[in-house]
Amino acid sequence: MQYSASSYVALRDTGDKFFYVKKQSIALVVALVGMVCMRNIRLQWLQKFSWVLLVFSCVLLALVFVPGLGVEKYGATRWLNLGFTTFQPSELAKFAVAIFIASRMSNKSAISFKTMLSSLAAIGVVCVLIMLEPNMSITMCVGLVGVIMLFVGGAKLKHFIMLVLPAVVLVVVMILTEPYRLKRLVAFLDPWASPLGEGYQLIQSYYALGGGGFFGVGLFNSRQKYLFLPFAESDFIFAIIGEELGWVGCVLVLMIFCTVIVCGVRIAVQAERRFDTYLSLGVVSVIAVQTLLNIAVVTGSIPPTGLPLPFVSFGGSSLVVFMSAVGLLLNVARHSQPTKFAHKMY
Amino acid sequence: MDKITHTSIKKRLLAFVVLVVFVFICLFARLFYIQILQSNSLQIKAYNQWTRRLPMRADRGDIVDCNGVVLASSTTLYTLYARPNELKDIPKIAKELSSILDMDCQKLQDKLSRKGVSELTVAKSLPREKMLQLIQRDIQGLYLTADSTRHYPMGNFLTQILGFTNVDEVGQGGVEQYYDSYLQGVNGATITPTDLVGKKLPNNMTMYRDSIKGMQVRLSIDSTIQSFVQKATQDAYLKYSPKSASCVVVSANTGQIKALSISPTYDLNHIPRDDMEKLLAYSRNTIVADVYEPGSTFKILTSAIGIENNAIKHSYYCGGSKLVDGQKIRCWRSIGHGSQTFEQGIQNSCNCVFMDIALSVGVDTMYDYFGKFGLGSKTGVDMSGEAKGLLLDKNRVKNVDIARIGFGQAIAVTPIQLAMAVSAVVNGGKLYQPSVVDTITDHNGNIAYKYSPKVVSQPIAKSTSDEMKKYLVSVVDSGSGKNAKVEGYSIGGKTGTAQKYQNGSIARGKYISSFVGFADVGDDTLVCLMLVDEPQGYLYYGSIVAAPFVGQVFESIFTYKSIPRNTSGQTPNPIVMPDLMDMDLAKACATLQSIGLDFEMTGDRGKVVYQVPAGGAKINSDTIVFFACE
């Protein structure tokens, strides 16, 4: 799939059809190594040093702003130049936040206002740093993950309102202050008003999906990948899936995601320790939030933001981090007693 | 502080799963809507961006005359396009092209190397043989399209009737515009699937869709008669330097227009597009689009209405003017026509006779007949921009007005209206709808349109028509229309000289001289109306300015149609034109009368300062002489 969507762009840009596939394959190898490592680390150790991971992420996020290290693309500085490759610290940061919250919440038997504050502080710092890049979509992703985790962790309703209200206000203010976000919002409401401007990407996405019909045009037969659809290999890869495999293919892919999420939740329920439960939940909610947001964007259900589809979109950092996170899930599953809770959940 | 239990966590996790699944289901539905329900409409929209189309313009249909002579046709020329990012070896291609196209090699190379364009035009208007050479080379990245250009083999022939086309071959005026939908063919195209920047996709075929030639439009115009008419207007234009000279010939028995010419004009192959004012003025089909005061030619209609309503007296008296409601309305001849019969009144074109008829018929009946003759409403001719003519509001018409209308003043008609009304008077009384197109056939020869004569109304009885024909023939034989006479043939007609109005008052020295004539040509009766708008110099009488050209047109038509000359009549004896210069008015009149020459004049007193023909010239005894006093 990745090959089909990217081959034409790759051929044009680098003369090698397999350029993106090769890069992604290398990332996949690294990702598999990461997954195996994460499957085998001591989770107690992770719980204890979650704050180290968080600080490390924040440092990486901050390093993006160091000239020479940060790489600017499409008007945002989101990448770190590591010499041989580039890395997107925000990918790591969202999991670091999730792990940190999981750790904080599991320290007490019930969620306290203090726990909540420290969680919020972590979310806040990371969000601000990501927002400075700027990258609104991952910020929102982090925020949503935080909300889900605190909810499951038993946060009280009034605490929630205190948390959510300012966040909503902040989002509105940020949309209004940044002209490109406002334009995108307007374009989302009526993409045909500016078919060559703000609405272009969404229209091209529609064309791809609409071209697919029920069963799609067949693998490798996409027309929209011929430069019509921007970011066909990354953020909008789902549109190409829709074009080549049709509605049936889309549903199938979404079912797989759904299964992964449900399995993840099952792992959370069956987890041995409270931290393990929260950790699984964190990983699952990152996957769920990002998948749903991405597909909602591609189908024009919410205003467009640039979020990759987990596991599928091109992007090495994303793949490595998500696979590693799955490694953590497997780690939790390894230590749980499946038989004990299995029947209770379903 | 509440202790959070494992069960409550499970509940909340379940809620999370339910929410996620719900959102997934929403997305399934959304996808279903976009991919299945909207699929077709989205694909149609997307198709345009997936392909590049190069049009293969269809040949526009030909326009031919009633005998099949081609008046307008389209020739196919080719345009060479390049898609720079598909070209392999630009210097080599530039070299090859420069030898085929006779273009500078370096310039071509620069052009082809240009960045940031998906498509550029290399050469336009290439003839067929260049196109074949290019196709033989088969260079990747070069594309040819066929363009069709309009050509008018006869040049400035029928300019206002045919109209012309714009660069996109859309009709602009005349038949080209009015019948544009028939003349336009169905364009073909080459469709190439490409990427966003116009690069051809691998493994994709370029499709060609053939074009279909437009339909052939056959006019009722006879280009031979048209050439006679065109000569007449050109001659009149050269001789009298008027604003314009125009002439139309219609078939009285069908309403079909046989010829229509307006001078000055321009060559349709060299349209003065850079001189908009000239282009607009010369393109205007004044025969249908402009109104004028018909003057004495209108007396034909007044007479017919008079006969139809038994309003003709045995004799009339003209003292040079007539009192109507205390207002003195003058006859054109200030010394008057004296006592005369109705027939003499027509021959003399005496205004007083027609004032009398119009007054005795009355406003209501006159207006009834105007309606039946098609005045004040469009004829429905198949040409754009037709005018309606101007009639005074019937309720406000006073006696002085109807008296003036009787001899063709205080009313404005289009030339085509008058030609059709006169046709009705001489064809037995039927008013036809005029038309310029006879048949339209598609490329397979199927008939898409066929003209059939359309009778609009029957204003007068056949007996009236026959009587009028007799009177009008007498006008040409021995009245003011003598100059239109063709020896050995029967021609009828009526002169007209109308003063022009400017800003509501009579413009001094500005006239429209006209003549409307008719003659039987084989089975058909042809009506010919000639107008000379603002002739320069002393001459402005329709009898002198317009009538001879109508005679000339009919004479040519008789020869063309091999109508035998009736030789039973006496041959005219030539006489020598006396020299009138410096004579006083009375003496000049007496001299001419003594030889038996009819004449027209201007000026009331003083000596003769101008005469036509010149003294000493040999002329026919029926020539109408003109002279001017100071």
# chains A, B, ... in the order shown; residues from 1 in each chain; ligands from 1
>>> select_by_dssp(residues="segment 397-543 of chain B", states="helix (DSSP H, G or I)", output="compact mmCIF listing (two decimals) with N, CA, C and O atoms, in the first residue's frame")
# COMPACT_ATOMS: atom_id res chain seq x y z
N ASN B 399 -55.69 64.57 -38.49
CA ASN B 399 -55.86 64.57 -39.94
C ASN B 399 -54.59 64.94 -40.67
O ASN B 399 -54.25 64.35 -41.70
N VAL B 400 -53.88 65.97 -40.13
CA VAL B 400 -52.64 66.37 -40.81
C VAL B 400 -51.64 65.24 -40.85
O VAL B 400 -50.87 65.09 -41.80
N ASP B 401 -51.68 64.41 -39.79
CA ASP B 401 -50.73 63.29 -39.74
C ASP B 401 -51.09 62.22 -40.77
O ASP B 401 -50.23 61.75 -41.52
N ILE B 402 -52.37 61.84 -40.77
CA ILE B 402 -52.77 60.75 -41.68
C ILE B 402 -52.60 61.20 -43.13
O ILE B 402 -52.24 60.41 -44.01
N ALA B 403 -52.81 62.53 -43.39
CA ALA B 403 -52.60 63.06 -44.74
C ALA B 403 -51.14 62.88 -45.13
O ALA B 403 -50.82 62.44 -46.26
N ARG B 404 -50.23 63.18 -44.21
CA ARG B 404 -48.79 63.03 -44.50
C ARG B 404 -48.41 61.55 -44.67
O ARG B 404 -47.63 61.19 -45.54
N ILE B 405 -48.97 60.72 -43.77
CA ILE B 405 -48.67 59.28 -43.87
C ILE B 405 -49.08 58.77 -45.26
O ILE B 405 -48.40 57.94 -45.86
N GLY B 406 -50.18 59.35 -45.79
CA GLY B 406 -50.67 58.94 -47.11
C GLY B 406 -49.60 59.02 -48.18
O GLY B 406 -49.57 58.20 -49.10
N PRO B 415 -36.62 48.67 -44.72
CA PRO B 415 -36.68 48.34 -46.15
C PRO B 415 -37.32 46.98 -46.40
O PRO B 415 -38.08 46.82 -47.36
N ILE B 416 -37.03 46.00 -45.53
CA ILE B 416 -37.59 44.66 -45.77
C ILE B 416 -39.11 44.68 -45.60
O ILE B 416 -39.84 44.01 -46.33
N GLN B 417 -39.60 45.49 -44.65
CA GLN B 417 -41.06 45.62 -44.47
C GLN B 417 -41.71 46.14 -45.76
O GLN B 417 -42.72 45.61 -46.22
N LEU B 418 -41.08 47.20 -46.29
CA LEU B 418 -41.66 47.80 -47.50
C LEU B 418 -41.62 46.81 -48.66
O LEU B 418 -42.59 46.65 -49.40
N ALA B 419 -40.46 46.12 -48.80
CA ALA B 419 -40.33 45.17 -49.91
C ALA B 419 -41.40 44.08 -49.81
O ALA B 419 -42.00 43.68 -50.82
N MET B 420 -41.67 43.60 -48.58
CA MET B 420 -42.67 42.55 -48.40
C MET B 420 -44.08 43.08 -48.66
O MET B 420 -44.92 42.40 -49.27
N ALA B 421 -44.34 44.31 -48.19
CA ALA B 421 -45.67 44.90 -48.39
C ALA B 421 -45.94 45.12 -49.88
O ALA B 421 -47.03 44.83 -50.38
N VAL B 422 -44.91 45.63 -50.58
CA VAL B 422 -45.06 45.83 -52.01
C VAL B 422 -45.24 44.50 -52.73
O VAL B 422 -46.05 44.36 -53.66
N SER B 423 -44.49 43.47 -52.25
CA SER B 423 -44.67 42.13 -52.82
C SER B 423 -46.12 41.69 -52.69
O SER B 423 -46.69 41.12 -53.63
N ALA B 424 -46.70 41.97 -51.53
CA ALA B 424 -48.11 41.59 -51.33
C ALA B 424 -49.02 42.32 -52.32
O ALA B 424 -49.98 41.74 -52.84
N VAL B 425 -48.70 43.58 -52.61
CA VAL B 425 -49.53 44.35 -53.54
C VAL B 425 -49.47 43.75 -54.94
O VAL B 425 -50.46 43.74 -55.65
N VAL B 426 -48.30 43.22 -55.34
CA VAL B 426 -48.16 42.76 -56.73
C VAL B 426 -48.30 41.26 -56.90
O VAL B 426 -48.30 40.76 -58.01
N LYS B 462 -57.24 39.98 -54.92
CA LYS B 462 -56.44 39.78 -56.12
C LYS B 462 -56.76 40.85 -57.17
O LYS B 462 -55.87 41.34 -57.86
N SER B 463 -58.05 41.24 -57.24
CA SER B 463 -58.42 42.24 -58.24
C SER B 463 -57.71 43.56 -57.99
O SER B 463 -57.22 44.22 -58.91
N THR B 464 -57.60 43.93 -56.71
CA THR B 464 -56.88 45.16 -56.35
C THR B 464 -55.43 45.05 -56.78
O THR B 464 -54.83 45.99 -57.33
N SER B 465 -54.85 43.86 -56.51
CA SER B 465 -53.46 43.62 -56.87
C SER B 465 -53.25 43.78 -58.37
O SER B 465 -52.31 44.45 -58.80
N ASP B 466 -54.15 43.18 -59.14
CA ASP B 466 -54.01 43.28 -60.60
C ASP B 466 -54.08 44.73 -61.06
O ASP B 466 -53.31 45.16 -61.91
N GLU B 467 -55.03 45.47 -60.48
CA GLU B 467 -55.19 46.88 -60.87
C GLU B 467 -53.93 47.68 -60.53
O GLU B 467 -53.43 48.46 -61.33
N MET B 468 -53.38 47.43 -59.32
CA MET B 468 -52.19 48.14 -58.88
C MET B 468 -51.00 47.85 -59.80
O MET B 468 -50.22 48.73 -60.13
N LYS B 469 -50.87 46.56 -60.22
CA LYS B 469 -49.77 46.21 -61.11
C LYS B 469 -49.83 47.04 -62.39
O LYS B 469 -48.81 47.56 -62.85
N LYS B 470 -51.05 47.17 -62.89
CA LYS B 470 -51.24 47.95 -64.13
C LYS B 470 -50.78 49.39 -63.94
O LYS B 470 -50.01 49.93 -64.72
N TYR B 471 -51.21 49.99 -62.82
CA TYR B 471 -50.83 51.39 -62.55
C TYR B 471 -49.31 51.52 -62.41
O TYR B 471 -48.69 52.44 -62.93
N LEU B 472 -48.70 50.57 -61.67
CA LEU B 472 -47.26 50.69 -61.39
C LEU B 472 -46.43 50.47 -62.66
O LEU B 472 -45.39 51.10 -62.84
N VAL B 473 -46.93 49.61 -63.57
CA VAL B 473 -46.23 49.45 -64.85
C VAL B 473 -46.30 50.78 -65.62
O VAL B 473 -45.32 51.21 -66.23
N SER B 474 -47.45 51.45 -65.51
CA SER B 474 -47.58 52.73 -66.23
C SER B 474 -46.64 53.79 -65.67
O SER B 474 -46.20 54.67 -66.38
N VAL B 475 -46.32 53.68 -64.37
CA VAL B 475 -45.37 54.64 -63.78
C VAL B 475 -44.01 54.52 -64.45
O VAL B 475 -43.35 55.50 -64.77
N VAL B 476 -43.59 53.24 -64.73
CA VAL B 476 -42.29 53.03 -65.36
C VAL B 476 -42.38 53.33 -66.86
O VAL B 476 -41.46 53.89 -67.46
N ASP B 477 -43.52 52.97 -67.45
CA ASP B 477 -43.66 53.20 -68.89
C ASP B 477 -43.73 54.68 -69.21
O ASP B 477 -43.07 55.15 -70.12
N SER B 478 -44.51 55.42 -68.43
CA SER B 478 -44.69 56.81 -68.85
C SER B 478 -44.76 57.79 -67.69
O SER B 478 -45.12 58.93 -67.86
N LYS B 482 -39.67 56.26 -65.23
CA LYS B 482 -39.16 55.96 -66.57
C LYS B 482 -37.72 55.46 -66.59
O LYS B 482 -37.35 54.65 -67.43
N ASN B 483 -36.90 56.01 -65.71
CA ASN B 483 -35.48 55.65 -65.75
C ASN B 483 -35.21 54.19 -65.43
O ASN B 483 -34.10 53.72 -65.60
N ALA B 484 -36.24 53.50 -64.91
CA ALA B 484 -36.04 52.08 -64.61
C ALA B 484 -36.45 51.21 -65.77
O ALA B 484 -36.39 49.99 -65.70
N GLY B 542 -35.42 60.11 -56.31
CA GLY B 542 -35.38 58.66 -56.48
C GLY B 542 -35.45 58.27 -57.94
O GLY B 542 -34.83 57.30 -58.38
N SER B 543 -36.18 59.06 -58.72
CA SER B 543 -36.35 58.73 -60.13
C SER B 543 -35.02 58.78 -60.88
O SER B 543 -34.83 58.07 -61.86
>>> closest_atom_pairs(of="chain B", to="chain A", cutoff="10 Å", atoms="only C-alpha atoms", output="CSV")
residue,atom,partner,partner_atom,distance
B:Met1,CA,A:Ala110,CA,7.2
B:Asp2,CA,A:Ala110,CA,6.3
B:Lys3,CA,A:Ala110,CA,4.8
B:Ile4,CA,A:Ala110,CA,4.9
B:Thr5,CA,A:Ala110,CA,8.2
B:His6,CA,A:Arg274,CA,8.6
B:Thr7,CA,A:Val269,CA,9.5
B:Ser8,CA,A:Gly154,CA,7.8
B:Ile9,CA,A:Val152,CA,5.8
B:Lys10,CA,A:Val269,CA,6.4
B:Lys11,CA,A:Val152,CA,8.4
B:Arg12,CA,A:Val152,CA,5.1
B:Leu13,CA,A:Val152,CA,6.1
B:Leu14,CA,A:Val265,CA,8.3
B:Ala15,CA,A:Val152,CA,8.8
B:Phe16,CA,A:Ile148,CA,7.7
B:Val17,CA,A:Val262,CA,6.8
B:Val18,CA,A:Val262,CA,9.7
B:Val20,CA,A:Ala288,CA,7.2
B:Val21,CA,A:Cys258,CA,7.1
B:Val23,CA,A:Leu292,CA,7.4
B:Phe24,CA,A:Leu292,CA,7.3
B:Ile25,CA,A:Val251,CA,9.5
B:Cys26,CA,A:Ala296,CA,9.4
B:Leu27,CA,A:Ala296,CA,6.9
B:Phe28,CA,A:Val251,CA,6.5
B:Ala29,CA,A:Val251,CA,9.9
B:Arg30,CA,A:Thr299,CA,6.9
B:Leu31,CA,A:Thr299,CA,6.7
B:Phe32,CA,A:Trp247,CA,6.5
B:Tyr33,CA,A:Gly210,CA,9.1
B:Ile34,CA,A:Gly210,CA,5.8
B:Gln35,CA,A:Gly210,CA,4.4
B:Ile36,CA,A:Gly213,CA,5.1
B:Leu37,CA,A:Gly213,CA,8.5
B:Gln38,CA,A:Gly210,CA,6.4
B:Ser39,CA,A:Gly210,CA,4.2
B:Asn40,CA,A:Gly210,CA,7.2
B:Ser41,CA,A:Gly210,CA,8.2
B:Leu42,CA,A:Tyr207,CA,5.6
B:Gln43,CA,A:Gly211,CA,5.6
B:Ile44,CA,A:Tyr207,CA,9.2
B:Lys45,CA,A:Tyr207,CA,7.8
B:Ala46,CA,A:Tyr207,CA,5.8
B:Tyr47,CA,A:Tyr207,CA,9.2
B:Gln49,CA,A:Phe228,CA,8.3
B:Trp50,CA,A:Arg223,CA,7.2
B:Pro193,CA,A:Arg223,CA,9.3
B:Thr194,CA,A:Tyr226,CA,8.0
B:Asp195,CA,A:Tyr226,CA,4.9
B:Leu196,CA,A:Phe228,CA,5.3
B:Val197,CA,A:Leu227,CA,8.0
B:Lys199,CA,A:Tyr226,CA,9.5
B:Leu201,CA,A:Tyr226,CA,8.4
>>> closest_residue(among="B:Lys388, B:Lys258, B:Arg57, B:Lys485", to="Ile221 of chain B", atoms="only C-alpha atoms")
B:Lys258
>>> residues_around(residues="segment 132-147 of chain A", least_positions_apart="5", cutoff="10 Å", atoms="only C-alpha atoms", output="PyMOL selection string")
chain A and resi 61-62+64-65+70+72+75-79+90-91+93-95+97-98+101-102+119-120+122-124+126-127+152-153+155+160+163-164+167+171+174-175+181+281-290+293-294+304-308
>>> closest_residue(among="A:Cys58, A:Ile130, A:Leu279, A:Val52", to="Gly327 of chain A", atoms="only C-alpha atoms")
A:Leu279
>>> residues_around(residues="Met131 of chain B", least_positions_apart="3", cutoff="9 Å", atoms="only C-alpha atoms", output="number ranges by chain")
B: 77-80, 126-128, 134-136, 144
>>> write_last_selection(atoms="N, CA, C and O atoms", output="CSV table (one decimal), in the first residue's frame")
chain,number,residue,atom,x,y,z
B,77,LEU,N,-6.7,23.7,-40.4
B,77,LEU,CA,-5.3,23.9,-40.2
B,77,LEU,C,-4.9,23.3,-38.9
B,77,LEU,O,-5.7,23.0,-38.0
B,78,TYR,N,-3.6,23.1,-38.7
B,78,TYR,CA,-3.2,22.3,-37.5
B,78,TYR,C,-2.3,23.2,-36.6
B,78,TYR,O,-1.6,24.1,-37.0
B,79,THR,N,-2.4,22.8,-35.3
B,79,THR,CA,-1.6,23.5,-34.3
B,79,THR,C,-0.7,22.5,-33.6
B,79,THR,O,-1.2,21.4,-33.3
B,80,LEU,N,0.5,22.9,-33.5
B,80,LEU,CA,1.5,21.9,-32.8
B,80,LEU,C,1.7,22.3,-31.4
B,80,LEU,O,2.1,23.5,-31.1
B,126,LEU,N,-0.8,25.4,-39.2
B,126,LEU,CA,0.0,24.6,-40.1
B,126,LEU,C,-0.9,23.9,-41.2
B,126,LEU,O,-1.9,23.4,-40.8
B,127,PRO,N,-0.4,23.9,-42.4
B,127,PRO,CA,-1.2,23.3,-43.5
B,127,PRO,C,-1.1,21.7,-43.3
B,127,PRO,O,-0.2,21.2,-42.6
B,128,ARG,N,-1.9,21.1,-44.1
B,128,ARG,CA,-2.0,19.6,-44.0
B,128,ARG,C,-0.6,18.9,-44.3
B,128,ARG,O,-0.2,18.0,-43.6
B,134,LEU,N,5.1,16.0,-39.8
B,134,LEU,CA,5.3,15.9,-38.3
B,134,LEU,C,4.9,14.5,-37.8
B,134,LEU,O,5.5,14.0,-36.9
B,135,ILE,N,3.8,14.1,-38.4
B,135,ILE,CA,3.3,12.8,-37.9
B,135,ILE,C,4.2,11.6,-38.2
B,135,ILE,O,4.5,10.7,-37.5
B,136,GLN,N,4.9,11.8,-39.4
B,136,GLN,CA,5.9,10.8,-39.8
B,136,GLN,C,7.0,10.7,-38.9
B,136,GLN,O,7.5,9.6,-38.6
B,144,LEU,N,-0.6,17.3,-32.0
B,144,LEU,CA,-1.2,18.1,-33.0
B,144,LEU,C,-2.7,18.2,-32.8
B,144,LEU,O,-3.3,17.3,-32.4
>>> atom_distance(atom1="atom CA of Val21 of chain A", atom2="atom CA of Ser57 of chain A")
27.7 Å
>>> residues_around(residues="segment 329-331 of chain B", least_positions_apart="5", cutoff="10 Å", atoms="only C-alpha atoms", output="JSON list (two decimals) with N, CA, C and O atoms, in the first residue's frame")
[["chain", "number", "residue", "atom", "x", "y", "z"],
["B", 318, "CYS", "N", -54.51, 69.30, -58.20],
["B", 318, "CYS", "CA", -53.36, 69.65, -57.35],
["B", 318, "CYS", "C", -52.91, 71.05, -57.70],
["B", 318, "CYS", "O", -52.52, 71.32, -58.83],
["B", 319, "GLY", "N", -52.98, 71.93, -56.72],
["B", 319, "GLY", "CA", -52.51, 73.30, -56.92],
["B", 319, "GLY", "C", -51.18, 73.53, -56.27],
["B", 319, "GLY", "O", -50.82, 74.66, -55.97],
["B", 320, "GLY", "N", -50.48, 72.48, -55.99],
["B", 320, "GLY", "CA", -49.15, 72.62, -55.35],
["B", 320, "GLY", "C", -49.20, 72.42, -53.86],
["B", 320, "GLY", "O", -48.15, 72.29, -53.23],
["B", 321, "SER", "N", -50.43, 72.43, -53.32],
["B", 321, "SER", "CA", -50.54, 72.16, -51.89],
["B", 321, "SER", "C", -51.98, 71.84, -51.55],
["B", 321, "SER", "O", -52.87, 71.99, -52.38],
["B", 322, "LYS", "N", -52.21, 71.35, -50.33],
["B", 322, "LYS", "CA", -53.56, 71.03, -49.90],
["B", 322, "LYS", "C", -53.72, 71.52, -48.49],
["B", 322, "LYS", "O", -52.81, 71.41, -47.67],
["B", 323, "LEU", "N", -54.90, 72.09, -48.21],
["B", 323, "LEU", "CA", -55.19, 72.56, -46.85],
["B", 323, "LEU", "C", -55.82, 71.43, -46.05],
["B", 323, "LEU", "O", -56.84, 70.89, -46.44],
["B", 324, "VAL", "N", -55.19, 71.07, -44.96],
["B", 324, "VAL", "CA", -55.78, 70.06, -44.08],
["B", 324, "VAL", "C", -55.91, 70.68, -42.70],
["B", 324, "VAL", "O", -54.90, 71.04, -42.09],
["B", 336, "GLY", "N", -47.54, 72.66, -58.81],
["B", 336, "GLY", "CA", -48.75, 71.84, -58.86],
["B", 336, "GLY", "C", -48.84, 70.96, -60.08],
["B", 336, "GLY", "O", -48.05, 71.08, -61.01],
["B", 337, "HIS", "N", -49.79, 70.00, -60.01],
["B", 337, "HIS", "CA", -49.96, 69.06, -61.11],
["B", 337, "HIS", "C", -51.26, 69.32, -61.88],
["B", 337, "HIS", "O", -51.57, 68.63, -62.85],
["B", 349, "SER", "N", -46.80, 60.98, -59.05],
["B", 349, "SER", "CA", -46.48, 60.88, -57.63],
["B", 349, "SER", "C", -46.94, 62.14, -56.89],
["B", 349, "SER", "O", -46.23, 62.69, -56.06],
["B", 350, "CYS", "N", -48.16, 62.55, -57.21],
["B", 350, "CYS", "CA", -48.69, 63.79, -56.65],
["B", 350, "CYS", "C", -49.15, 63.59, -55.21],
["B", 350, "CYS", "O", -50.02, 62.78, -54.92],
["B", 351, "ASN", "N", -48.54, 64.35, -54.30],
["B", 351, "ASN", "CA", -48.86, 64.19, -52.88],
["B", 351, "ASN", "C", -50.34, 64.44, -52.57],
["B", 351, "ASN", "O", -50.93, 63.78, -51.72],
["B", 352, "CYS", "N", -50.93, 65.43, -53.26],
["B", 352, "CYS", "CA", -52.30, 65.83, -52.95],
["B", 352, "CYS", "C", -53.27, 64.67, -53.13],
["B", 352, "CYS", "O", -54.21, 64.49, -52.36],
["B", 353, "VAL", "N", -53.04, 63.85, -54.19],
["B", 353, "VAL", "CA", -53.92, 62.71, -54.47],
["B", 353, "VAL", "C", -53.92, 61.77, -53.26],
["B", 353, "VAL", "O", -54.97, 61.29, -52.83],
["B", 355, "MET", "N", -52.93, 62.37, -50.12],
["B", 355, "MET", "CA", -53.51, 62.98, -48.92],
["B", 355, "MET", "C", -55.01, 62.75, -48.95],
["B", 355, "MET", "O", -55.62, 62.35, -47.96],
["B", 400, "VAL", "N", -53.88, 65.97, -40.13],
["B", 400, "VAL", "CA", -52.64, 66.37, -40.81],
["B", 400, "VAL", "C", -51.64, 65.24, -40.85],
["B", 400, "VAL", "O", -50.87, 65.09, -41.80],
["B", 403, "ALA", "N", -52.81, 62.53, -43.39],
["B", 403, "ALA", "CA", -52.60, 63.06, -44.74],
["B", 403, "ALA", "C", -51.14, 62.88, -45.13],
["B", 403, "ALA", "O", -50.82, 62.44, -46.26],
["B", 404, "ARG", "N", -50.23, 63.18, -44.21],
["B", 404, "ARG", "CA", -48.79, 63.03, -44.50],
["B", 404, "ARG", "C", -48.41, 61.55, -44.67],
["B", 404, "ARG", "O", -47.63, 61.19, -45.54],
["B", 407, "PHE", "N", -48.71, 60.00, -48.11],
["B", 407, "PHE", "CA", -47.64, 60.04, -49.11],
["B", 407, "PHE", "C", -46.28, 59.69, -48.51],
["B", 407, "PHE", "O", -45.22, 60.03, -49.03]]
>>> select_by_dssp(residues="segment 383-537 of chain B", states="strand (DSSP E)", output="ChimeraX atom specification")
/B:431-432,437-441,447-450,455-457,491-502,505-521,524-533
